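Student: Below you'll find model_6.txt; it's compact mmCIF, C-alpha atoms.
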# COMPACT_ATOMS: atom_id res chain seq x y z
CA MET A 1 11.18 19.95 17.44
CA SER A 2 14.50 18.35 16.90
CA VAL A 3 13.01 15.48 14.95
CA ALA A 4 12.41 16.40 11.38
CA VAL A 5 9.22 15.33 9.68
CA LYS A 6 10.19 15.00 6.04
CA ALA A 7 6.71 15.17 4.62
CA GLY A 8 3.88 15.85 7.01
CA MET A 9 0.17 15.16 6.94
CA ALA A 10 -0.66 18.13 4.71
CA GLU A 11 1.93 16.98 2.17
CA TYR A 12 0.51 13.48 2.34
CA PHE A 13 -2.94 14.70 1.36
CA ALA A 14 -1.49 16.98 -1.32
CA SER A 15 0.35 14.11 -2.97
CA ASN A 16 -2.52 11.62 -2.52
CA PRO A 17 -5.50 13.54 -3.86
CA ASP A 18 -7.66 10.42 -4.34
CA VAL A 19 -7.65 9.44 -0.70
CA LYS A 20 -11.18 9.22 0.59
CA TYR A 21 -10.99 6.97 3.63
CA ILE A 22 -8.69 7.88 6.49
CA LEU A 23 -8.09 5.42 9.29
CA PHE A 24 -6.42 6.10 12.63
CA GLY A 25 -5.23 3.05 14.53
CA GLY A 26 -3.12 2.40 17.59
CA LYS A 27 -3.31 1.44 21.24
CA GLY A 28 -6.03 2.89 23.43
CA GLY A 29 -5.59 6.28 25.03
CA LEU A 30 -2.90 7.63 22.72
CA GLY A 31 -5.07 10.24 21.08
CA LYS A 32 -6.57 8.52 18.05
CA THR A 33 -9.86 10.29 18.61
CA THR A 34 -8.15 13.67 18.96
CA LEU A 35 -6.13 13.21 15.78
CA SER A 36 -9.17 11.90 13.89
CA ALA A 37 -11.16 14.93 15.01
CA ALA A 38 -8.33 17.30 14.06
CA THR A 39 -7.99 15.67 10.64
CA ALA A 40 -11.72 15.88 10.01
CA TYR A 41 -11.69 19.50 11.17
CA TRP A 42 -8.85 20.37 8.81
CA LEU A 43 -10.45 18.66 5.81
CA ALA A 44 -13.80 20.32 6.54
CA SER A 45 -12.09 23.70 6.75
CA ARG A 46 -10.95 23.08 3.17
CA GLU A 47 -14.59 22.88 2.17
CA LYS A 48 -14.89 19.16 1.85
CA ARG A 49 -17.79 17.24 3.31
CA VAL A 50 -16.28 15.13 6.06
CA CYS A 51 -17.68 12.51 8.36
CA VAL A 52 -15.70 11.39 11.37
CA PHE A 53 -16.78 8.02 12.69
CA SER A 54 -15.72 6.29 15.84
CA THR A 55 -15.52 2.50 15.81
CA ASP A 56 -14.12 2.42 19.30
CA PRO A 57 -16.57 1.06 21.88
CA GLN A 58 -15.07 3.54 24.33
CA ALA A 59 -15.60 6.23 21.77
CA SER A 60 -15.26 9.77 22.88
CA LEU A 61 -16.25 11.94 19.95
CA SER A 62 -19.08 13.26 22.09
CA ASP A 63 -16.60 14.32 24.78
CA ILE A 64 -14.14 15.80 22.34
CA PHE A 65 -16.68 17.83 20.43
CA GLU A 66 -18.69 18.53 23.58
CA ARG A 67 -21.87 17.56 21.78
CA LYS A 68 -24.08 14.51 22.13
CA VAL A 69 -23.16 12.42 19.12
CA PHE A 70 -23.63 8.92 20.53
CA GLY A 71 -26.49 7.08 18.87
CA GLN A 72 -27.70 10.24 17.11
CA GLY A 73 -26.87 9.33 13.52
CA GLU A 74 -24.95 11.87 11.45
CA VAL A 75 -24.57 14.95 13.62
CA GLU A 76 -23.51 18.20 11.97
CA LEU A 77 -20.89 19.86 14.17
CA ALA A 78 -19.77 22.68 11.92
CA ALA A 79 -19.97 23.54 8.26
CA ASN A 80 -19.13 20.35 6.32
CA LEU A 81 -18.15 18.53 9.49
CA TYR A 82 -20.24 15.58 10.63
CA ALA A 83 -19.69 12.99 13.33
CA VAL A 84 -21.14 9.52 13.89
CA GLU A 85 -20.93 7.42 17.00
CA ILE A 86 -22.76 4.14 16.82
CA ASP A 87 -24.92 2.90 19.66
CA ALA A 88 -23.93 -0.70 19.03
CA ASP A 89 -26.22 -2.15 21.71
CA ARG A 90 -29.27 -0.52 20.23
CA ARG A 91 -28.28 -1.55 16.73
CA ILE A 92 -27.84 -5.14 17.86
CA ALA A 93 -31.18 -5.20 19.66
CA GLU A 94 -32.96 -3.97 16.55
CA TYR A 95 -31.13 -6.45 14.40
CA GLN A 96 -32.03 -9.35 16.70
CA GLU A 97 -35.66 -8.35 16.53
CA GLU A 98 -35.42 -8.35 12.74
CA ILE A 99 -34.02 -11.90 12.78
CA ARG A 100 -36.75 -13.09 15.16
CA LYS A 101 -39.42 -11.64 12.92
CA LYS A 102 -37.88 -13.26 9.86
CA ILE A 103 -37.85 -16.69 11.51
CA LYS A 104 -41.45 -16.31 12.64
CA ASP A 105 -42.53 -15.26 9.15
CA MET A 106 -40.55 -17.95 7.36
CA TYR A 107 -41.89 -20.85 9.40
CA LYS A 108 -45.22 -19.32 10.46
CA MET A 109 -44.22 -19.67 14.07
CA GLU A 110 -45.84 -17.98 17.05
CA THR A 111 -42.78 -18.29 19.23
CA ILE A 112 -39.14 -18.90 18.47
CA PRO A 113 -37.84 -22.37 19.45
CA GLU A 114 -35.95 -22.21 22.71
CA GLU A 115 -32.53 -23.20 21.40
CA VAL A 116 -32.77 -20.68 18.58
CA GLU A 117 -33.84 -17.97 20.99
CA ASP A 118 -30.95 -18.90 23.26
CA TYR A 119 -28.55 -18.55 20.39
CA ILE A 120 -29.92 -15.17 19.37
CA ASN A 121 -29.61 -13.93 22.93
CA SER A 122 -26.17 -15.33 23.60
CA SER A 123 -24.75 -13.92 20.37
CA ALA A 124 -25.47 -10.41 21.63
CA ALA A 125 -23.30 -11.04 24.67
CA GLU A 126 -20.19 -11.65 22.59
CA PRO A 127 -17.82 -8.72 22.41
CA ALA A 128 -17.23 -9.46 18.74
CA MET A 129 -20.89 -8.75 18.13
CA ALA A 130 -20.58 -5.08 18.99
CA GLU A 131 -17.49 -4.79 16.82
CA SER A 132 -19.16 -6.45 13.86
CA ALA A 133 -22.23 -4.30 14.27
CA THR A 134 -20.06 -1.21 14.28
CA PHE A 135 -18.19 -2.42 11.23
CA ASP A 136 -21.40 -3.06 9.43
CA ALA A 137 -22.52 0.47 10.22
CA MET A 138 -19.19 1.72 8.93
CA VAL A 139 -19.62 -0.07 5.61
CA GLU A 140 -23.15 1.21 5.36
CA LEU A 141 -21.95 4.76 5.85
CA MET A 142 -19.23 4.40 3.21
CA THR A 143 -21.45 2.75 0.63
CA ALA A 144 -24.03 5.51 1.05
CA GLY A 145 -21.32 7.82 -0.30
CA LYS A 146 -22.64 11.09 1.06
CA PHE A 147 -19.24 12.51 2.02
CA ASP A 148 -15.96 13.45 0.36
CA TYR A 149 -13.92 12.09 3.26
CA TYR A 150 -14.50 9.49 5.91
CA VAL A 151 -12.25 9.64 8.94
CA PHE A 152 -12.32 6.54 11.12
CA ASP A 153 -11.21 6.47 14.69
CA MET A 154 -10.48 2.74 14.80
CA MET A 155 -10.90 0.49 17.80
CA PRO A 156 -7.64 -0.45 19.51
CA HIS A 157 -5.77 -3.01 17.49
CA GLY A 158 -6.97 -4.13 14.16
CA HIS A 159 -10.21 -5.95 14.39
CA ALA A 160 -10.24 -4.96 10.75
CA ILE A 161 -7.53 -7.54 10.27
CA ARG A 162 -9.85 -10.29 11.42
CA PHE A 163 -12.25 -9.10 8.80
CA LEU A 164 -9.57 -9.39 6.15
CA GLY A 165 -9.03 -13.04 6.95
CA MET A 166 -12.78 -13.54 7.20
CA ALA A 167 -13.46 -12.22 3.71
CA ASP A 168 -11.00 -14.71 2.24
CA ILE A 169 -12.47 -17.66 4.13
CA LEU A 170 -15.97 -16.70 3.14
CA ASP A 171 -14.92 -16.37 -0.48
CA GLN A 172 -13.80 -19.98 -0.44
CA TRP A 173 -17.02 -21.06 1.19
CA VAL A 174 -19.26 -19.37 -1.26
CA GLU A 175 -17.33 -21.10 -4.03
CA LYS A 176 -17.63 -24.49 -2.31
CA ILE A 177 -21.33 -24.11 -1.76
CA VAL A 178 -21.87 -23.16 -5.38
CA SER A 179 -19.99 -26.23 -6.56
CA VAL A 180 -21.94 -28.50 -4.23
CA ARG A 181 -25.14 -27.02 -5.54
CA LYS A 182 -24.00 -27.76 -9.08
CA LYS A 183 -23.15 -31.31 -8.19
CA ALA A 184 -26.60 -31.71 -6.69
CA GLY A 185 -27.97 -30.54 -10.01
CA GLU A 186 -26.08 -33.26 -11.88
CA TYR A 187 -27.86 -35.89 -9.88
CA GLY A 188 -31.01 -33.81 -10.17
CA GLU A 189 -33.51 -36.37 -11.39
CA ALA A 190 -32.29 -39.09 -9.10
CA ALA A 191 -32.25 -36.73 -6.17
CA THR A 192 -35.90 -35.93 -6.82
CA VAL A 193 -36.68 -39.64 -6.50
CA MET A 194 -34.99 -39.54 -3.14
CA GLY A 195 -37.26 -36.68 -2.16
CA SER A 196 -34.65 -34.04 -1.60
CA LYS A 197 -36.23 -31.35 -3.71
CA GLY A 198 -37.53 -28.10 -2.31
CA SER A 199 -34.42 -27.14 -0.45
CA LEU A 200 -32.93 -25.70 -3.60
CA ALA A 201 -35.02 -22.55 -3.55
CA GLN A 202 -33.96 -21.87 -0.01
CA GLU A 203 -30.41 -22.62 -0.92
CA ASP A 204 -30.57 -19.81 -3.45
CA LEU A 205 -31.67 -17.47 -0.68
CA VAL A 206 -28.81 -18.68 1.50
CA LEU A 207 -26.46 -18.08 -1.39
CA LYS A 208 -27.83 -14.58 -1.75
CA GLU A 209 -27.26 -13.90 1.93
CA LEU A 210 -23.74 -15.27 1.63
CA GLU A 211 -23.10 -13.02 -1.32
CA TYR A 212 -24.34 -10.08 0.73
CA ILE A 213 -22.09 -10.96 3.66
CA ARG A 214 -19.19 -11.50 1.32
CA GLY A 215 -19.86 -8.12 -0.26
CA ARG A 216 -19.73 -6.46 3.13
CA LEU A 217 -16.52 -8.18 4.17
CA ASP A 218 -14.94 -7.68 0.76
CA PHE A 219 -15.70 -4.00 0.92
CA VAL A 220 -13.72 -3.67 4.14
CA SER A 221 -10.84 -5.81 2.96
CA THR A 222 -10.59 -4.00 -0.37
CA MET A 223 -10.89 -0.61 1.27
CA VAL A 224 -8.19 -1.29 3.83
CA ARG A 225 -5.78 -2.51 1.14
CA ASP A 226 -6.57 0.18 -1.40
CA ARG A 227 -3.57 2.49 -1.33
CA LYS A 228 -5.13 4.94 -3.72
CA HIS A 229 -8.24 5.70 -1.75
CA THR A 230 -7.31 4.76 1.76
CA ALA A 231 -4.84 6.29 4.18
CA PHE A 232 -3.96 4.37 7.29
CA PHE A 233 -2.19 6.21 10.10
CA TYR A 234 -0.89 4.63 13.22
CA VAL A 235 -0.69 6.69 16.40
CA LEU A 236 1.97 6.18 19.05
CA ILE A 237 3.59 8.05 21.91
CA PRO A 238 7.26 8.03 22.90
CA GLU A 239 7.07 5.14 25.34
CA LEU A 240 8.25 1.59 25.08
CA MET A 241 4.92 -0.26 24.90
CA PRO A 242 3.39 1.81 22.12
CA ILE A 243 6.61 1.45 20.10
CA LEU A 244 6.52 -2.32 20.48
CA ASP A 245 2.82 -2.35 19.65
CA THR A 246 3.41 -0.30 16.51
CA ARG A 247 6.22 -2.58 15.41
CA LYS A 248 4.00 -5.64 15.83
CA ALA A 249 1.09 -3.96 14.11
CA LEU A 250 3.20 -2.98 11.11
CA GLU A 251 4.42 -6.56 10.76
CA MET A 252 0.88 -7.89 10.97
CA PHE A 253 -0.42 -5.39 8.42
CA ARG A 254 2.37 -6.31 6.04
CA GLU A 255 1.30 -9.95 6.25
CA PHE A 256 -2.18 -8.96 5.17
CA ASN A 257 -0.89 -6.64 2.45
CA VAL A 258 -2.07 -3.57 4.26
CA THR A 259 0.19 -0.57 3.84
CA VAL A 260 0.51 1.89 6.67
CA SER A 261 0.64 5.40 5.23
CA GLY A 262 2.32 6.92 8.22
CA VAL A 263 2.74 7.14 11.97
CA VAL A 264 1.94 10.13 14.13
CA VAL A 265 3.84 10.65 17.36
CA ASN A 266 1.57 12.15 19.95
CA GLN A 267 1.93 13.60 23.45
CA VAL A 268 5.57 14.61 23.12
CA TYR A 269 6.72 16.92 25.94
CA PRO A 270 8.38 20.02 24.52
CA LYS A 271 12.10 19.39 24.81
CA GLU A 272 12.81 23.05 25.53
CA LEU A 273 11.02 22.68 28.87
CA LYS A 274 13.94 20.78 30.21
CA ASP A 275 16.30 23.71 29.94
CA GLN A 276 14.09 26.11 31.80
CA PRO A 277 14.96 26.98 35.37
CA ASP A 278 13.02 25.40 38.22
CA VAL A 279 11.91 22.39 36.24
CA PRO A 280 11.22 19.56 38.67
CA VAL A 281 13.45 16.50 38.39
CA PHE A 282 10.35 14.41 37.78
CA LEU A 283 9.53 16.31 34.62
CA LYS A 284 13.17 16.44 33.55
CA ASN A 285 13.41 12.67 33.73
CA LYS A 286 10.17 12.26 31.87
CA ILE A 287 11.37 14.52 29.08
CA SER A 288 14.76 12.78 28.81
CA SER A 289 13.12 9.36 28.64
CA GLN A 290 10.70 10.60 25.97
CA GLN A 291 13.57 12.05 23.94
CA GLU A 292 15.30 8.68 23.97
CA TYR A 293 12.17 7.02 22.61
CA VAL A 294 11.66 9.78 20.06
CA LYS A 295 15.13 8.95 18.76
CA GLN A 296 14.21 5.28 18.63
CA ILE A 297 10.99 6.07 16.78
CA GLN A 298 12.96 8.23 14.36
CA SER A 299 15.45 5.49 13.56
CA GLU A 300 12.83 2.73 13.38
CA PHE A 301 10.00 4.44 11.50
CA GLY A 302 11.94 7.22 9.77
CA SER A 303 10.10 8.57 6.78
CA LEU A 304 6.85 6.99 7.97
CA ILE A 305 6.60 9.73 10.58
CA LYS A 306 3.96 12.10 9.31
CA GLY A 307 3.53 14.27 12.34
CA ILE A 308 4.68 15.04 15.84
CA VAL A 309 2.16 16.51 18.22
CA PRO A 310 3.30 17.93 21.54
CA MET A 311 1.72 17.22 24.87
CA LEU A 312 -0.78 20.03 25.35
CA ASP A 313 -1.20 21.97 28.53
CA ARG A 314 -4.84 21.00 28.72
CA GLU A 315 -7.12 18.30 27.38
CA PRO A 316 -7.94 18.72 23.71
CA LYS A 317 -11.68 19.31 24.08
CA GLY A 318 -13.98 21.61 22.19
CA MET A 319 -13.69 23.08 18.71
CA LYS A 320 -11.02 25.61 19.66
CA MET A 321 -8.63 22.97 20.94
CA ILE A 322 -9.33 20.68 18.01
CA SER A 323 -8.52 23.53 15.68
CA ASN A 324 -5.25 24.04 17.60
CA VAL A 325 -4.33 20.37 17.14
CA ALA A 326 -5.22 20.63 13.45
CA ASP A 327 -2.90 23.62 13.15
CA ILE A 328 -0.07 21.68 14.78
CA LEU A 329 -0.64 18.58 12.68
CA TYR A 330 -1.28 20.26 9.34
CA GLY A 331 0.39 23.61 9.77
CA SER A 332 -1.80 26.70 9.72
CA MET B 1 -57.13 -66.82 -20.06
CA GLY B 2 -55.10 -65.66 -23.01
CA LYS B 3 -57.96 -63.43 -24.14
CA LYS B 4 -58.20 -61.78 -20.77
CA GLU B 5 -54.54 -61.09 -20.56
CA ALA B 6 -54.40 -59.16 -23.81
CA PRO B 7 -55.96 -55.85 -22.57
CA THR B 8 -53.71 -55.70 -19.55
CA GLU B 9 -50.62 -56.26 -21.63
CA PRO B 10 -49.54 -52.56 -21.88
CA LYS B 11 -50.03 -52.06 -18.14
CA LYS B 12 -47.96 -55.10 -17.39
CA GLN B 13 -45.35 -53.92 -19.78
CA SER B 14 -45.10 -50.56 -18.05
CA GLU B 15 -44.84 -52.31 -14.73
CA VAL B 16 -42.02 -54.36 -16.12
CA ALA B 17 -40.40 -51.23 -17.42
CA LYS B 18 -40.80 -49.61 -14.04
CA ALA B 19 -39.30 -52.59 -12.30
CA ALA B 20 -36.46 -52.65 -14.80
CA LYS B 21 -35.95 -48.95 -14.27
CA GLY B 22 -35.88 -49.47 -10.55
CA PHE B 23 -33.51 -52.38 -10.99
CA PHE B 24 -31.10 -50.47 -13.16
CA TYR B 25 -31.43 -47.43 -10.95
CA GLY B 26 -30.55 -49.60 -8.02
CA MET B 27 -27.62 -51.13 -9.84
CA ALA B 28 -26.18 -48.09 -11.49
CA LEU B 29 -27.39 -44.99 -9.77
CA HIS B 30 -28.44 -45.72 -6.25
CA GLY B 31 -24.90 -45.82 -4.97
CA MET B 32 -24.05 -42.61 -6.75
CA VAL B 33 -27.12 -40.79 -5.55
CA THR B 34 -26.57 -41.90 -1.97
CA TYR B 35 -22.99 -40.84 -2.29
CA ALA B 36 -24.00 -37.46 -3.66
CA LEU B 37 -26.55 -36.93 -0.95
CA ARG B 38 -24.09 -38.02 1.68
CA LEU B 39 -21.52 -35.63 0.28
CA ARG B 40 -24.11 -32.94 0.34
CA MET B 41 -24.95 -33.72 3.92
CA HIS B 42 -21.32 -33.48 4.91
CA MET B 43 -20.98 -30.22 3.05
CA GLU B 44 -24.08 -28.94 4.74
CA ASN B 45 -22.72 -29.94 8.14
CA LEU B 46 -19.50 -28.13 7.35
CA PHE B 47 -21.40 -25.13 6.18
CA MET B 48 -23.38 -25.10 9.40
CA LEU B 49 -20.15 -25.37 11.33
CA ILE B 50 -18.69 -22.40 9.51
CA THR B 51 -21.76 -20.26 9.91
CA MET B 52 -23.23 -21.41 13.21
CA GLY B 53 -20.05 -22.75 14.80
CA ASP B 54 -20.16 -20.31 17.65
CA MET B 55 -23.21 -22.17 18.93
CA LEU B 56 -20.83 -24.94 19.87
CA GLY B 57 -18.05 -22.60 20.83
CA ILE B 58 -16.22 -22.56 17.51
CA PRO B 59 -16.41 -19.01 16.23
CA VAL B 60 -15.60 -18.68 12.54
CA LEU B 61 -17.97 -16.22 10.95
CA PRO B 62 -18.52 -13.01 12.93
CA PRO B 63 -21.72 -13.62 14.93
CA TYR B 64 -23.31 -10.54 13.44
CA TYR B 65 -23.34 -12.24 10.08
CA SER B 66 -24.13 -15.74 11.27
CA LEU B 67 -27.36 -14.30 12.68
CA ARG B 68 -28.31 -13.32 9.15
CA LEU B 69 -28.11 -16.97 8.12
CA LEU B 70 -29.80 -18.30 11.23
CA PRO B 71 -33.35 -18.23 9.84
CA TYR B 72 -32.34 -20.66 7.06
CA ALA B 73 -30.60 -22.96 9.48
CA VAL B 74 -33.52 -23.30 11.88
CA PRO B 75 -34.88 -26.60 10.48
CA SER B 76 -31.54 -28.35 10.46
CA LEU B 77 -30.13 -27.01 13.71
CA LYS B 78 -31.18 -29.90 15.89
CA THR B 79 -29.97 -32.70 13.66
CA TRP B 80 -26.76 -30.85 12.94
CA LYS B 81 -25.96 -30.39 16.61
CA GLN B 82 -26.75 -34.04 17.27
CA THR B 83 -24.57 -35.19 14.40
CA LEU B 84 -21.66 -33.11 15.54
CA LEU B 85 -21.90 -33.80 19.23
CA ARG B 86 -22.57 -37.51 18.89
CA ASP B 87 -19.98 -39.79 20.36
CA ARG B 88 -18.40 -41.85 17.67
CA ASP B 89 -16.35 -44.96 17.82
CA ILE B 90 -14.62 -46.95 15.11
CA THR B 91 -16.55 -50.05 16.18
CA ASP B 92 -19.80 -48.23 15.30
CA SER B 93 -19.08 -48.73 11.66
CA LEU B 94 -18.12 -52.38 12.07
CA TYR B 95 -21.31 -53.60 13.70
Output the file's structure in the form of structure tokens.

Tutor:
Amino acid sequence: MSVAVKAGMAEYFASNPDVKYILFGGKGGLGKTTLSAATAYWLASREKRVCVFSTDPQASLSDIFERKVFGQGEVELAANLYAVEIDADRRIAEYQEEIRKKIKDMYKMETIPEEVEDYINSSAAEPAMAESATFDAMVELMTAGKFDYYVFDMMPHGHAIRFLGMADILDQWVEKIVSVRKKAGEYGEAATVMGSKGSLAQEDLVLKELEYIRGRLDFVSTMVRDRKHTAFFYVLIPELMPILDTRKALEMFREFNVTVSGVVVNQVYPKELKDQPDVPVFLKNKISSQQEYVKQIQSEFGSLIKGIVPMLDREPKGMKMISNVADILYGS
Amino acid sequence: MGKKEAPTEPKKQSEVAKAAKGFFYGMALHGMVTYALRLRMHMENLFMLITMGDMLGIPVLPPYYSLRLLPYAVPSLKTWKQTLLRDRDITDSLY
């Protein structure tokens, strides 16, 4: 490779020994899943307990590892190497049932009022629902703390960022609600005359729920911003759109105080190919265009580049190929 | 007459006290209490909007989490929706 990687992935982990959560972000189809799998494989080979988790609805850990992982919980793939792929639809269905039961129990109802039922059903149809459900599962996995490393194959473009904003808004709300509750207490006696007692107990429960939700959102927003324990890698390939996307993403992350630990350039055609005899013009052009973009990436992202992975001659599927990618990315 | 009145004196007195209490409450506190309750109602409406907003097409809280709060909102859903979706006009407050 002509492009020098000053300090690669292995060096990153060596100089950041406290890192526990590893996130791979980037546009769809650039190899986030492959690089996540390779990273998890490498860490597991160093005798650490690793869980690789896909938050992408089009997740493909099952395909990459050639094992059914989807909706199976924590699946052990090799020594120390586990994978999780959430069946968001099933999780949502179970969750909805839980909510229905709670409403029935709380109000001693036989059936759920129509408009409430409608709301429960329609909420499942929202795309954000699957994302939130996956995120919730992700937090659950991290808080359980069973692993040394958690590698997350993130969904395209930071939904996590929405969560960052969310946590802040919710923080303000919890504060507001607490102050309103206090104010209500000041007028306590008079309010009792007006017959507005009784809702206070429920309000405490609501507050508890809010605290729980805030805890969940806070966990994500703290984790993503925590430079000591979290590594955030952005994946791109030497093409215009991914470069633009990465530039935008880096700007957005900066706004939210999220530091990107590095970028990994994937699917780079070996430059040497070009000089071989009988190389079709098509391929030659492709390689030249890629080399131009590699230069651009080099000048724009410079020391952020933590790895360059060549285009492989076959799809990276199965343990053998993943181990190959790990060797390329981390050096054998 | 005067003899009969004597035993009921304490009762009457307490009634007077009650009336006075009501009177002073009305004068001093009623406005404040109504104001507090009104404030509370507005806060509650806002809270509902933040948590259940996606019901009306205003998504704020991720729906996964608003579902958690839904059970508590069940009793006030109808009135809240009516309050928010009601047509309002400045003349409403004049007449």

Student: Enumerate, in order of chain and increasing residue number, the residues of chain B with an atom no farther than 9 Å from chain A, each with its shortest atom pair and distance in Å to one decimal, counting only C-alpha atoms, as JSON lines.

Tutor:
{"residue": "B:Tyr25", "atom": "CA", "partner": "A:Ala190", "partner_atom": "CA", "distance": 8.6}
{"residue": "B:Leu29", "atom": "CA", "partner": "A:Ala190", "partner_atom": "CA", "distance": 7.7}
{"residue": "B:His30", "atom": "CA", "partner": "A:Ala190", "partner_atom": "CA", "distance": 8.2}
{"residue": "B:Met32", "atom": "CA", "partner": "A:Tyr187", "partner_atom": "CA", "distance": 8.3}
{"residue": "B:Val33", "atom": "CA", "partner": "A:Ala190", "partner_atom": "CA", "distance": 6.5}
{"residue": "B:Thr34", "atom": "CA", "partner": "A:Ala191", "partner_atom": "CA", "distance": 8.8}
{"residue": "B:Ala36", "atom": "CA", "partner": "A:Ala184", "partner_atom": "CA", "distance": 7.0}
{"residue": "B:Leu37", "atom": "CA", "partner": "A:Ala191", "partner_atom": "CA", "distance": 7.7}
{"residue": "B:Leu39", "atom": "CA", "partner": "A:Val180", "partner_atom": "CA", "distance": 8.4}
{"residue": "B:Arg40", "atom": "CA", "partner": "A:Val180", "partner_atom": "CA", "distance": 6.7}
{"residue": "B:Met43", "atom": "CA", "partner": "A:Val180", "partner_atom": "CA", "distance": 7.5}
{"residue": "B:Glu44", "atom": "CA", "partner": "A:Ile177", "partner_atom": "CA", "distance": 8.6}
{"residue": "B:Phe47", "atom": "CA", "partner": "A:Trp173", "partner_atom": "CA", "distance": 7.8}
{"residue": "B:Ile50", "atom": "CA", "partner": "A:Trp173", "partner_atom": "CA", "distance": 8.6}
{"residue": "B:Asp54", "atom": "CA", "partner": "A:Ser123", "partner_atom": "CA", "distance": 8.3}
{"residue": "B:Met55", "atom": "CA", "partner": "A:Tyr119", "partner_atom": "CA", "distance": 6.6}
{"residue": "B:Val60", "atom": "CA", "partner": "A:Met166", "partner_atom": "CA", "distance": 7.9}
{"residue": "B:Leu61", "atom": "CA", "partner": "A:Met166", "partner_atom": "CA", "distance": 6.9}
{"residue": "B:Pro62", "atom": "CA", "partner": "A:Ser132", "partner_atom": "CA", "distance": 6.7}
{"residue": "B:Pro63", "atom": "CA", "partner": "A:Met129", "partner_atom": "CA", "distance": 5.9}
{"residue": "B:Tyr64", "atom": "CA", "partner": "A:Met129", "partner_atom": "CA", "distance": 5.6}
{"residue": "B:Tyr65", "atom": "CA", "partner": "A:Ile213", "partner_atom": "CA", "distance": 6.7}
{"residue": "B:Leu67", "atom": "CA", "partner": "A:Ile99", "partner_atom": "CA", "distance": 7.1}
{"residue": "B:Arg68", "atom": "CA", "partner": "A:Ile99", "partner_atom": "CA", "distance": 6.9}
{"residue": "B:Leu69", "atom": "CA", "partner": "A:Val206", "partner_atom": "CA", "distance": 6.9}
{"residue": "B:Leu70", "atom": "CA", "partner": "A:Ile99", "partner_atom": "CA", "distance": 7.8}
{"residue": "B:Pro71", "atom": "CA", "partner": "A:Ile103", "partner_atom": "CA", "distance": 5.0}
{"residue": "B:Tyr72", "atom": "CA", "partner": "A:Val206", "partner_atom": "CA", "distance": 6.9}
{"residue": "B:Val74", "atom": "CA", "partner": "A:Val116", "partner_atom": "CA", "distance": 7.2}
{"residue": "B:Leu77", "atom": "CA", "partner": "A:Val116", "partner_atom": "CA", "distance": 8.4}
{"residue": "B:Lys78", "atom": "CA", "partner": "A:Glu115", "partner_atom": "CA", "distance": 8.8}

Student: For atom CA of Asp87 of chain A and atom CA of Phe232 of chain A, quote the distance in Å rounded to one decimal.

Tutor: 24.4 Å

Student: Measure the distance from atom CA of Lys284 of chain A to atom CA of Met311 of chain A in Å and round it to one decimal.

Tutor: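 According to the coordinates, atom CA of Lys284 of chain A and atom CA of Met311 of chain A are separated by 14.4 Å.
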
Student: How many Å separate atom CA of Val50 of chain A from atom CA of Thr222 of chain A?

Tutor: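 These atoms are spaced 21.0 Å apart.
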
Student: When you get a chance, write out N, CA and C atoms for segment 26-36 of chain B, as an mmCIF file, keeping the file's coordinate frame.

Tutor:
data_model
loop_
_atom_site.group_PDB
_atom_site.id
_atom_site.type_symbol
_atom_site.label_atom_id
_atom_site.label_comp_id
_atom_site.auth_asym_id
_atom_site.auth_seq_id
_atom_site.Cartn_x
_atom_site.Cartn_y
_atom_site.Cartn_z
ATOM 1 N N GLY B 26 -31.183 -49.023 -9.202
ATOM 2 C CA GLY B 26 -30.550 -49.600 -8.020
ATOM 3 C C GLY B 26 -29.120 -50.000 -8.316
ATOM 4 N N MET B 27 -28.955 -50.620 -9.509
ATOM 5 C CA MET B 27 -27.620 -51.130 -9.840
ATOM 6 C C MET B 27 -26.640 -49.996 -10.132
ATOM 7 N N ALA B 28 -27.119 -49.085 -10.975
ATOM 8 C CA ALA B 28 -26.180 -48.090 -11.490
ATOM 9 C C ALA B 28 -26.145 -46.808 -10.678
ATOM 10 N N LEU B 29 -27.331 -46.355 -10.301
ATOM 11 C CA LEU B 29 -27.390 -44.990 -9.770
ATOM 12 C C LEU B 29 -27.493 -44.894 -8.258
ATOM 13 N N HIS B 30 -28.146 -45.880 -7.663
ATOM 14 C CA HIS B 30 -28.440 -45.720 -6.250
ATOM 15 C C HIS B 30 -27.195 -45.360 -5.430
ATOM 16 N N GLY B 31 -26.144 -46.082 -5.698
ATOM 17 C CA GLY B 31 -24.900 -45.820 -4.970
ATOM 18 C C GLY B 31 -24.417 -44.398 -5.174
ATOM 19 N N MET B 32 -24.503 -43.955 -6.422
ATOM 20 C CA MET B 32 -24.050 -42.610 -6.750
ATOM 21 C C MET B 32 -24.893 -41.537 -6.077
ATOM 22 N N VAL B 33 -26.215 -41.778 -6.137
ATOM 23 C CA VAL B 33 -27.120 -40.790 -5.550
ATOM 24 C C VAL B 33 -26.892 -40.713 -4.038
ATOM 25 N N THR B 34 -26.805 -41.889 -3.420
ATOM 26 C CA THR B 34 -26.570 -41.900 -1.970
ATOM 27 C C THR B 34 -25.274 -41.185 -1.660
ATOM 28 N N TYR B 35 -24.297 -41.470 -2.498
ATOM 29 C CA TYR B 35 -22.990 -40.840 -2.290
ATOM 30 C C TYR B 35 -23.101 -39.327 -2.415
ATOM 31 N N ALA B 36 -23.837 -38.905 -3.443
ATOM 32 C CA ALA B 36 -24.000 -37.460 -3.660
ATOM 33 C C ALA B 36 -24.725 -36.807 -2.495
#
